[in-house]
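Student: Below is the structure I would like to discuss, written out as structure tokens.
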Amino acid sequence: MLEMVEEVKKAQEGDLDTFVKLIRQLESRLYGLAKSIVKRDEDCADAIQETLLKAYKSLNTLKKPEFFNTWIIRILINECNQVLRLRKRTIVMGELPETNYPIAHGADHQTSDLQEAVDRLNDTLRLVVHLFYYQDLSVKQIAEILEISEGAVRARLHRARGVLADWMNSMRMNFAGI
């Protein structure tokens with residue numbers, strides 16, 4: 001943690017290489033979050049690119065370097081939401097079906113079922129699940145990022161767990177032929 005804070009301070013002083021190093025450490029987490037929100041790879045690329053530009057340009061406004069990860073995730077969420085708003089204005093003639101992406105290295109069949117279940121959650125539940133389980137953020141950090149209460153975060157996690165459990169149980173029953 002102390003090393004990251006020092007790197008952020010160095011990047012704030014204009015060291016581009018250090019900024020790139022910080023981003024490389026986060027890139028898979030940023031991609032996973034963007035993919036969970038916007039779904040399409042090209043939209044992920046747009047959102048991440050805009051996030052990095054905004055983060056680099058406004059890095060000097062970050063008052064507490066220890067909150068760099070939370071800060072850049074918040075920027076990414078805002079950019080993903082912007083991409084979704086722009087997408088709603090676009091008339092799509094036809095789309096190819098989306099492919100699932102692995103949650104972790106070496107994802108197996110059960111993992112892809114779980115990912116499918118997470119992808120089926122509504123946006124508010126899916127985002128909280130992704131931030132908590134895939135980004136390893138605390139309830140407090142999620143509340144700050146989403147600008148909601150910690151109780152609301154816990155409630156969304158509870159609801160999401162219930163929906164996921166129901167969905168996975170029904171999958172098991174269907175698989176067992178019940």
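Labeling convention for the structure tokens: chains A, B, ... as they appear, residues from 1 per chain, ligands from 1 in order of appearance.
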Go through chain A and collect every residue that DSSP, computed from the backbone, puts in alpha helix (DSSP H); the answer should be as a short mmCIF file (atom, residue, chain, number, x, y, z; two decimals) with N, CA and C atoms, in the first residue's frame.

Tutor:
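Saved file out30.cif follows:
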data_model
loop_
_atom_site.label_atom_id
_atom_site.label_comp_id
_atom_site.auth_asym_id
_atom_site.auth_seq_id
_atom_site.Cartn_x
_atom_site.Cartn_y
_atom_site.Cartn_z
N LEU A 2 1.90 1.26 0.84
CA LEU A 2 2.79 2.41 0.93
C LEU A 2 3.51 2.64 -0.39
N GLU A 3 3.90 1.55 -1.05
CA GLU A 3 4.58 1.67 -2.34
C GLU A 3 3.64 2.28 -3.38
N MET A 4 2.37 1.86 -3.37
CA MET A 4 1.41 2.41 -4.33
C MET A 4 1.21 3.90 -4.10
N VAL A 5 1.12 4.30 -2.85
CA VAL A 5 0.94 5.72 -2.53
C VAL A 5 2.12 6.53 -3.07
N GLU A 6 3.32 6.02 -2.89
CA GLU A 6 4.51 6.70 -3.40
C GLU A 6 4.48 6.79 -4.92
N GLU A 7 4.03 5.71 -5.57
CA GLU A 7 3.94 5.71 -7.03
C GLU A 7 2.90 6.72 -7.51
N VAL A 8 1.78 6.81 -6.82
CA VAL A 8 0.76 7.79 -7.19
C VAL A 8 1.32 9.20 -7.06
N LYS A 9 2.01 9.46 -5.98
CA LYS A 9 2.61 10.79 -5.78
C LYS A 9 3.61 11.10 -6.90
N LYS A 10 4.38 10.10 -7.27
CA LYS A 10 5.35 10.28 -8.36
C LYS A 10 4.62 10.60 -9.68
N ALA A 11 3.54 9.86 -9.92
CA ALA A 11 2.75 10.10 -11.13
C ALA A 11 2.13 11.49 -11.10
N GLN A 12 1.69 11.93 -9.92
CA GLN A 12 1.10 13.26 -9.79
C GLN A 12 2.13 14.36 -10.10
N LEU A 16 5.11 9.96 -16.25
CA LEU A 16 4.20 9.18 -17.09
C LEU A 16 4.45 7.68 -16.96
N ASP A 17 5.72 7.28 -16.88
CA ASP A 17 6.04 5.85 -16.75
C ASP A 17 5.43 5.26 -15.49
N THR A 18 5.45 6.01 -14.41
CA THR A 18 4.86 5.53 -13.16
C THR A 18 3.35 5.42 -13.29
N PHE A 19 2.73 6.39 -13.96
CA PHE A 19 1.28 6.33 -14.19
C PHE A 19 0.94 5.07 -14.99
N VAL A 20 1.71 4.81 -16.04
CA VAL A 20 1.49 3.62 -16.87
C VAL A 20 1.64 2.35 -16.02
N LYS A 21 2.64 2.34 -15.15
CA LYS A 21 2.85 1.18 -14.27
C LYS A 21 1.64 0.97 -13.36
N LEU A 22 1.10 2.05 -12.80
CA LEU A 22 -0.09 1.95 -11.95
C LEU A 22 -1.27 1.38 -12.73
N ILE A 23 -1.45 1.85 -13.94
CA ILE A 23 -2.57 1.40 -14.78
C ILE A 23 -2.39 -0.06 -15.16
N ARG A 24 -1.19 -0.47 -15.47
CA ARG A 24 -0.93 -1.88 -15.82
C ARG A 24 -1.31 -2.81 -14.67
N GLN A 25 -1.10 -2.35 -13.44
CA GLN A 25 -1.46 -3.16 -12.28
C GLN A 25 -2.97 -3.31 -12.16
N LEU A 26 -3.71 -2.36 -12.71
CA LEU A 26 -5.17 -2.35 -12.57
C LEU A 26 -5.91 -2.79 -13.83
N GLU A 27 -5.22 -2.95 -14.95
CA GLU A 27 -5.92 -3.09 -16.22
C GLU A 27 -6.89 -4.26 -16.28
N SER A 28 -6.54 -5.41 -15.72
CA SER A 28 -7.47 -6.54 -15.79
C SER A 28 -8.70 -6.27 -14.92
N ARG A 29 -8.50 -5.62 -13.78
CA ARG A 29 -9.64 -5.27 -12.92
C ARG A 29 -10.54 -4.24 -13.62
N LEU A 30 -9.92 -3.26 -14.27
CA LEU A 30 -10.71 -2.23 -14.97
C LEU A 30 -11.49 -2.86 -16.13
N TYR A 31 -10.83 -3.75 -16.86
CA TYR A 31 -11.51 -4.41 -17.97
C TYR A 31 -12.69 -5.24 -17.47
N GLY A 32 -12.46 -6.02 -16.43
CA GLY A 32 -13.53 -6.86 -15.88
C GLY A 32 -14.72 -6.04 -15.43
N LEU A 33 -14.45 -4.92 -14.79
CA LEU A 33 -15.54 -4.04 -14.34
C LEU A 33 -16.27 -3.44 -15.54
N ALA A 34 -15.51 -2.92 -16.50
CA ALA A 34 -16.14 -2.33 -17.69
C ALA A 34 -16.97 -3.37 -18.43
N LYS A 35 -16.44 -4.57 -18.57
CA LYS A 35 -17.15 -5.64 -19.29
C LYS A 35 -18.45 -5.99 -18.57
N SER A 36 -18.44 -5.97 -17.24
CA SER A 36 -19.65 -6.31 -16.49
C SER A 36 -20.73 -5.24 -16.65
N ILE A 37 -20.32 -4.02 -16.99
CA ILE A 37 -21.29 -2.93 -17.13
C ILE A 37 -21.76 -2.78 -18.57
N VAL A 38 -20.82 -2.68 -19.51
CA VAL A 38 -21.19 -2.36 -20.90
C VAL A 38 -21.28 -3.58 -21.81
N ASP A 41 -16.86 -5.56 -26.03
CA ASP A 41 -15.42 -5.25 -25.98
C ASP A 41 -15.11 -3.84 -26.49
N GLU A 42 -15.76 -3.46 -27.59
CA GLU A 42 -15.47 -2.14 -28.15
C GLU A 42 -15.92 -1.03 -27.21
N ASP A 43 -17.02 -1.25 -26.50
CA ASP A 43 -17.47 -0.28 -25.51
C ASP A 43 -16.54 -0.25 -24.30
N CYS A 44 -16.03 -1.42 -23.92
CA CYS A 44 -15.04 -1.49 -22.83
C CYS A 44 -13.82 -0.66 -23.19
N ALA A 45 -13.34 -0.84 -24.41
CA ALA A 45 -12.15 -0.12 -24.86
C ALA A 45 -12.39 1.39 -24.82
N ASP A 46 -13.56 1.82 -25.29
CA ASP A 46 -13.90 3.25 -25.27
C ASP A 46 -13.93 3.79 -23.84
N ALA A 47 -14.62 3.07 -22.96
CA ALA A 47 -14.77 3.53 -21.58
C ALA A 47 -13.42 3.57 -20.87
N ILE A 48 -12.60 2.55 -21.08
CA ILE A 48 -11.29 2.52 -20.43
C ILE A 48 -10.39 3.62 -20.98
N GLN A 49 -10.42 3.81 -22.27
CA GLN A 49 -9.59 4.87 -22.86
C GLN A 49 -9.97 6.24 -22.30
N GLU A 50 -11.25 6.53 -22.25
CA GLU A 50 -11.69 7.81 -21.70
C GLU A 50 -11.33 7.93 -20.22
N THR A 51 -11.46 6.82 -19.50
CA THR A 51 -11.10 6.81 -18.08
C THR A 51 -9.63 7.17 -17.89
N LEU A 52 -8.78 6.55 -18.66
CA LEU A 52 -7.35 6.79 -18.52
C LEU A 52 -6.98 8.23 -18.88
N LEU A 53 -7.60 8.75 -19.93
CA LEU A 53 -7.35 10.14 -20.30
C LEU A 53 -7.78 11.10 -19.18
N LYS A 54 -8.97 10.89 -18.68
CA LYS A 54 -9.48 11.76 -17.62
C LYS A 54 -8.65 11.62 -16.35
N ALA A 55 -8.28 10.38 -16.03
CA ALA A 55 -7.49 10.15 -14.82
C ALA A 55 -6.13 10.84 -14.94
N TYR A 56 -5.50 10.71 -16.08
CA TYR A 56 -4.17 11.32 -16.24
C TYR A 56 -4.26 12.84 -16.19
N LYS A 57 -5.26 13.40 -16.87
CA LYS A 57 -5.41 14.85 -16.90
C LYS A 57 -5.74 15.43 -15.52
N PHE A 68 -6.42 6.09 -4.82
CA PHE A 68 -6.25 6.06 -6.27
C PHE A 68 -7.15 5.01 -6.92
N ASN A 69 -7.13 3.78 -6.39
CA ASN A 69 -7.93 2.70 -7.00
C ASN A 69 -9.42 3.03 -6.97
N THR A 70 -9.90 3.48 -5.84
CA THR A 70 -11.32 3.85 -5.71
C THR A 70 -11.66 4.99 -6.66
N TRP A 71 -10.78 5.96 -6.75
CA TRP A 71 -10.97 7.14 -7.60
C TRP A 71 -11.07 6.74 -9.07
N ILE A 72 -10.16 5.90 -9.53
CA ILE A 72 -10.16 5.53 -10.95
C ILE A 72 -11.34 4.60 -11.27
N ILE A 73 -11.75 3.78 -10.32
CA ILE A 73 -12.94 2.94 -10.52
C ILE A 73 -14.19 3.81 -10.67
N ARG A 74 -14.27 4.85 -9.86
CA ARG A 74 -15.42 5.77 -9.95
C ARG A 74 -15.45 6.44 -11.33
N ILE A 75 -14.29 6.86 -11.81
CA ILE A 75 -14.22 7.47 -13.15
C ILE A 75 -14.69 6.45 -14.20
N LEU A 76 -14.22 5.21 -14.08
CA LEU A 76 -14.60 4.17 -15.04
C LEU A 76 -16.10 3.91 -15.02
N ILE A 77 -16.69 3.83 -13.85
CA ILE A 77 -18.14 3.61 -13.76
C ILE A 77 -18.88 4.75 -14.46
N ASN A 78 -18.46 5.97 -14.23
CA ASN A 78 -19.09 7.11 -14.90
C ASN A 78 -18.94 7.03 -16.41
N GLU A 79 -17.76 6.63 -16.88
CA GLU A 79 -17.54 6.50 -18.32
C GLU A 79 -18.38 5.37 -18.91
N CYS A 80 -18.48 4.26 -18.20
CA CYS A 80 -19.33 3.16 -18.67
C CYS A 80 -20.79 3.59 -18.77
N ASN A 81 -21.24 4.33 -17.77
CA ASN A 81 -22.61 4.84 -17.81
C ASN A 81 -22.81 5.79 -18.98
N GLN A 82 -21.79 6.59 -19.30
CA GLN A 82 -21.86 7.48 -20.46
C GLN A 82 -21.96 6.67 -21.75
N VAL A 83 -21.18 5.61 -21.86
CA VAL A 83 -21.24 4.74 -23.04
C VAL A 83 -22.64 4.15 -23.18
N LEU A 84 -23.22 3.71 -22.06
CA LEU A 84 -24.58 3.15 -22.11
C LEU A 84 -25.61 4.20 -22.52
N ARG A 85 -25.46 5.42 -22.03
CA ARG A 85 -26.38 6.49 -22.43
C ARG A 85 -26.27 6.75 -23.93
N LEU A 86 -25.05 6.79 -24.45
CA LEU A 86 -24.86 7.00 -25.88
C LEU A 86 -25.39 5.83 -26.69
N ARG A 87 -25.23 4.62 -26.17
CA ARG A 87 -25.72 3.43 -26.87
C ARG A 87 -27.24 3.48 -27.00
N LYS A 88 -27.94 3.97 -25.97
CA LYS A 88 -29.41 4.04 -26.02
C LYS A 88 -29.88 4.94 -27.14
N ARG A 89 -29.06 5.93 -27.49
CA ARG A 89 -29.43 6.87 -28.55
C ARG A 89 -29.16 6.30 -29.93
N HIS A 109 -16.70 -24.90 -16.16
CA HIS A 109 -18.13 -24.88 -16.49
C HIS A 109 -18.96 -24.24 -15.38
N GLN A 110 -18.68 -24.62 -14.14
CA GLN A 110 -19.44 -24.06 -13.01
C GLN A 110 -19.22 -22.55 -12.90
N THR A 111 -18.01 -22.12 -13.16
CA THR A 111 -17.70 -20.69 -13.11
C THR A 111 -18.46 -19.95 -14.19
N SER A 112 -18.55 -20.53 -15.39
CA SER A 112 -19.28 -19.86 -16.46
C SER A 112 -20.78 -19.80 -16.14
N ASP A 113 -21.32 -20.82 -15.45
CA ASP A 113 -22.72 -20.77 -15.02
C ASP A 113 -22.92 -19.63 -14.03
N LEU A 114 -21.98 -19.49 -13.10
CA LEU A 114 -22.07 -18.41 -12.12
C LEU A 114 -21.95 -17.06 -12.82
N GLN A 115 -21.02 -16.95 -13.79
CA GLN A 115 -20.87 -15.69 -14.52
C GLN A 115 -22.15 -15.35 -15.28
N GLU A 116 -22.76 -16.37 -15.86
CA GLU A 116 -24.03 -16.16 -16.57
C GLU A 116 -25.09 -15.64 -15.61
N ALA A 117 -25.13 -16.22 -14.42
CA ALA A 117 -26.09 -15.77 -13.41
C ALA A 117 -25.82 -14.33 -12.99
N VAL A 118 -24.56 -13.99 -12.79
CA VAL A 118 -24.21 -12.62 -12.42
C VAL A 118 -24.60 -11.66 -13.54
N ASP A 119 -24.34 -12.07 -14.79
CA ASP A 119 -24.68 -11.22 -15.93
C ASP A 119 -26.19 -10.98 -16.06
N ARG A 120 -26.99 -11.89 -15.53
CA ARG A 120 -28.44 -11.75 -15.59
C ARG A 120 -29.00 -10.79 -14.54
N ASP A 123 -28.70 -4.13 -13.39
CA ASP A 123 -27.47 -3.33 -13.36
C ASP A 123 -27.01 -2.97 -11.96
N THR A 124 -27.93 -2.55 -11.09
CA THR A 124 -27.51 -2.11 -9.75
C THR A 124 -26.96 -3.27 -8.93
N LEU A 125 -27.58 -4.43 -9.03
CA LEU A 125 -27.09 -5.59 -8.28
C LEU A 125 -25.79 -6.12 -8.87
N ARG A 126 -25.72 -6.18 -10.21
CA ARG A 126 -24.52 -6.70 -10.87
C ARG A 126 -23.30 -5.83 -10.55
N LEU A 127 -23.47 -4.53 -10.53
CA LEU A 127 -22.35 -3.63 -10.25
C LEU A 127 -21.83 -3.83 -8.83
N VAL A 128 -22.72 -3.93 -7.87
CA VAL A 128 -22.30 -4.13 -6.48
C VAL A 128 -21.60 -5.48 -6.31
N VAL A 129 -22.14 -6.53 -6.94
CA VAL A 129 -21.51 -7.85 -6.87
C VAL A 129 -20.11 -7.79 -7.49
N VAL A 139 -17.39 -2.78 1.60
CA VAL A 139 -18.72 -2.17 1.55
C VAL A 139 -18.59 -0.65 1.63
N LYS A 140 -17.71 -0.18 2.49
CA LYS A 140 -17.50 1.26 2.64
C LYS A 140 -16.99 1.89 1.34
N GLN A 141 -16.03 1.25 0.69
CA GLN A 141 -15.50 1.77 -0.57
C GLN A 141 -16.57 1.79 -1.65
N ILE A 142 -17.36 0.74 -1.72
CA ILE A 142 -18.44 0.67 -2.71
C ILE A 142 -19.45 1.79 -2.46
N ALA A 143 -19.79 2.01 -1.20
CA ALA A 143 -20.72 3.07 -0.86
C ALA A 143 -20.18 4.43 -1.32
N GLU A 144 -18.90 4.66 -1.12
CA GLU A 144 -18.29 5.92 -1.55
C GLU A 144 -18.31 6.05 -3.07
N ILE A 145 -17.95 4.97 -3.77
CA ILE A 145 -17.90 5.01 -5.23
C ILE A 145 -19.28 5.27 -5.81
N LEU A 146 -20.29 4.56 -5.30
CA LEU A 146 -21.65 4.66 -5.86
C LEU A 146 -22.46 5.79 -5.24
N GLU A 150 -23.85 2.61 3.18
CA GLU A 150 -23.31 1.26 3.36
C GLU A 150 -24.45 0.26 3.52
N GLY A 151 -25.53 0.67 4.16
CA GLY A 151 -26.70 -0.20 4.31
C GLY A 151 -27.29 -0.58 2.96
N ALA A 152 -27.32 0.39 2.04
CA ALA A 152 -27.84 0.12 0.70
C ALA A 152 -26.95 -0.88 -0.03
N VAL A 153 -25.64 -0.75 0.16
CA VAL A 153 -24.70 -1.71 -0.45
C VAL A 153 -24.96 -3.10 0.09
N ARG A 154 -25.07 -3.20 1.43
CA ARG A 154 -25.31 -4.51 2.05
C ARG A 154 -26.65 -5.09 1.58
N ALA A 155 -27.66 -4.26 1.46
CA ALA A 155 -28.97 -4.73 1.01
C ALA A 155 -28.89 -5.26 -0.43
N ARG A 156 -28.18 -4.54 -1.28
CA ARG A 156 -28.04 -4.98 -2.68
C ARG A 156 -27.26 -6.30 -2.76
N LEU A 157 -26.22 -6.42 -1.95
CA LEU A 157 -25.47 -7.68 -1.92
C LEU A 157 -26.35 -8.83 -1.45
N HIS A 158 -27.15 -8.58 -0.43
CA HIS A 158 -28.04 -9.60 0.10
C HIS A 158 -29.06 -10.03 -0.97
N ARG A 159 -29.66 -9.03 -1.64
CA ARG A 159 -30.62 -9.34 -2.71
C ARG A 159 -29.97 -10.12 -3.84
N ALA A 160 -28.77 -9.69 -4.23
CA ALA A 160 -28.07 -10.35 -5.32
C ALA A 160 -27.73 -11.80 -4.97
N ARG A 161 -27.28 -12.01 -3.74
CA ARG A 161 -26.96 -13.38 -3.30
C ARG A 161 -28.20 -14.26 -3.36
N GLY A 162 -29.36 -13.72 -2.96
CA GLY A 162 -30.61 -14.47 -3.02
C GLY A 162 -30.99 -14.83 -4.43
N VAL A 163 -30.90 -13.85 -5.33
CA VAL A 163 -31.23 -14.10 -6.74
C VAL A 163 -30.27 -15.13 -7.33
N LEU A 164 -28.98 -14.98 -7.03
CA LEU A 164 -27.99 -15.93 -7.56
C LEU A 164 -28.22 -17.34 -7.02
N ALA A 165 -28.51 -17.44 -5.73
CA ALA A 165 -28.76 -18.75 -5.13
C ALA A 165 -29.98 -19.41 -5.77
N ASP A 166 -31.06 -18.64 -5.95
CA ASP A 166 -32.26 -19.18 -6.59
C ASP A 166 -31.96 -19.65 -8.01
N TRP A 167 -31.23 -18.84 -8.74
CA TRP A 167 -30.93 -19.18 -10.13
C TRP A 167 -30.06 -20.43 -10.19
N MET A 168 -29.03 -20.49 -9.34
CA MET A 168 -28.14 -21.66 -9.35
C MET A 168 -28.89 -22.92 -8.90
N ASN A 169 -29.80 -22.80 -7.93
CA ASN A 169 -30.60 -23.96 -7.49
C ASN A 169 -31.49 -24.44 -8.62
N SER A 170 -32.11 -23.52 -9.35
CA SER A 170 -32.97 -23.94 -10.46
C SER A 170 -32.15 -24.59 -11.57
N MET A 171 -30.92 -24.11 -11.76
CA MET A 171 -30.03 -24.74 -12.73
C MET A 171 -29.71 -26.18 -12.32
N ARG A 172 -29.44 -26.37 -11.03
CA ARG A 172 -29.13 -27.70 -10.52
C ARG A 172 -30.33 -28.63 -10.69
N MET A 173 -31.52 -28.13 -10.42
CA MET A 173 -32.73 -28.95 -10.57
C MET A 173 -32.96 -29.30 -12.03
N ASN A 174 -32.75 -28.34 -12.91
CA ASN A 174 -32.91 -28.62 -14.35
C ASN A 174 -31.89 -29.63 -14.83
N PHE A 175 -30.68 -29.50 -14.31
CA PHE A 175 -29.61 -30.42 -14.71
C PHE A 175 -29.89 -31.83 -14.19
N ALA A 176 -30.46 -31.92 -12.99
CA ALA A 176 -30.76 -33.22 -12.40
C ALA A 176 -32.02 -33.85 -13.00
#
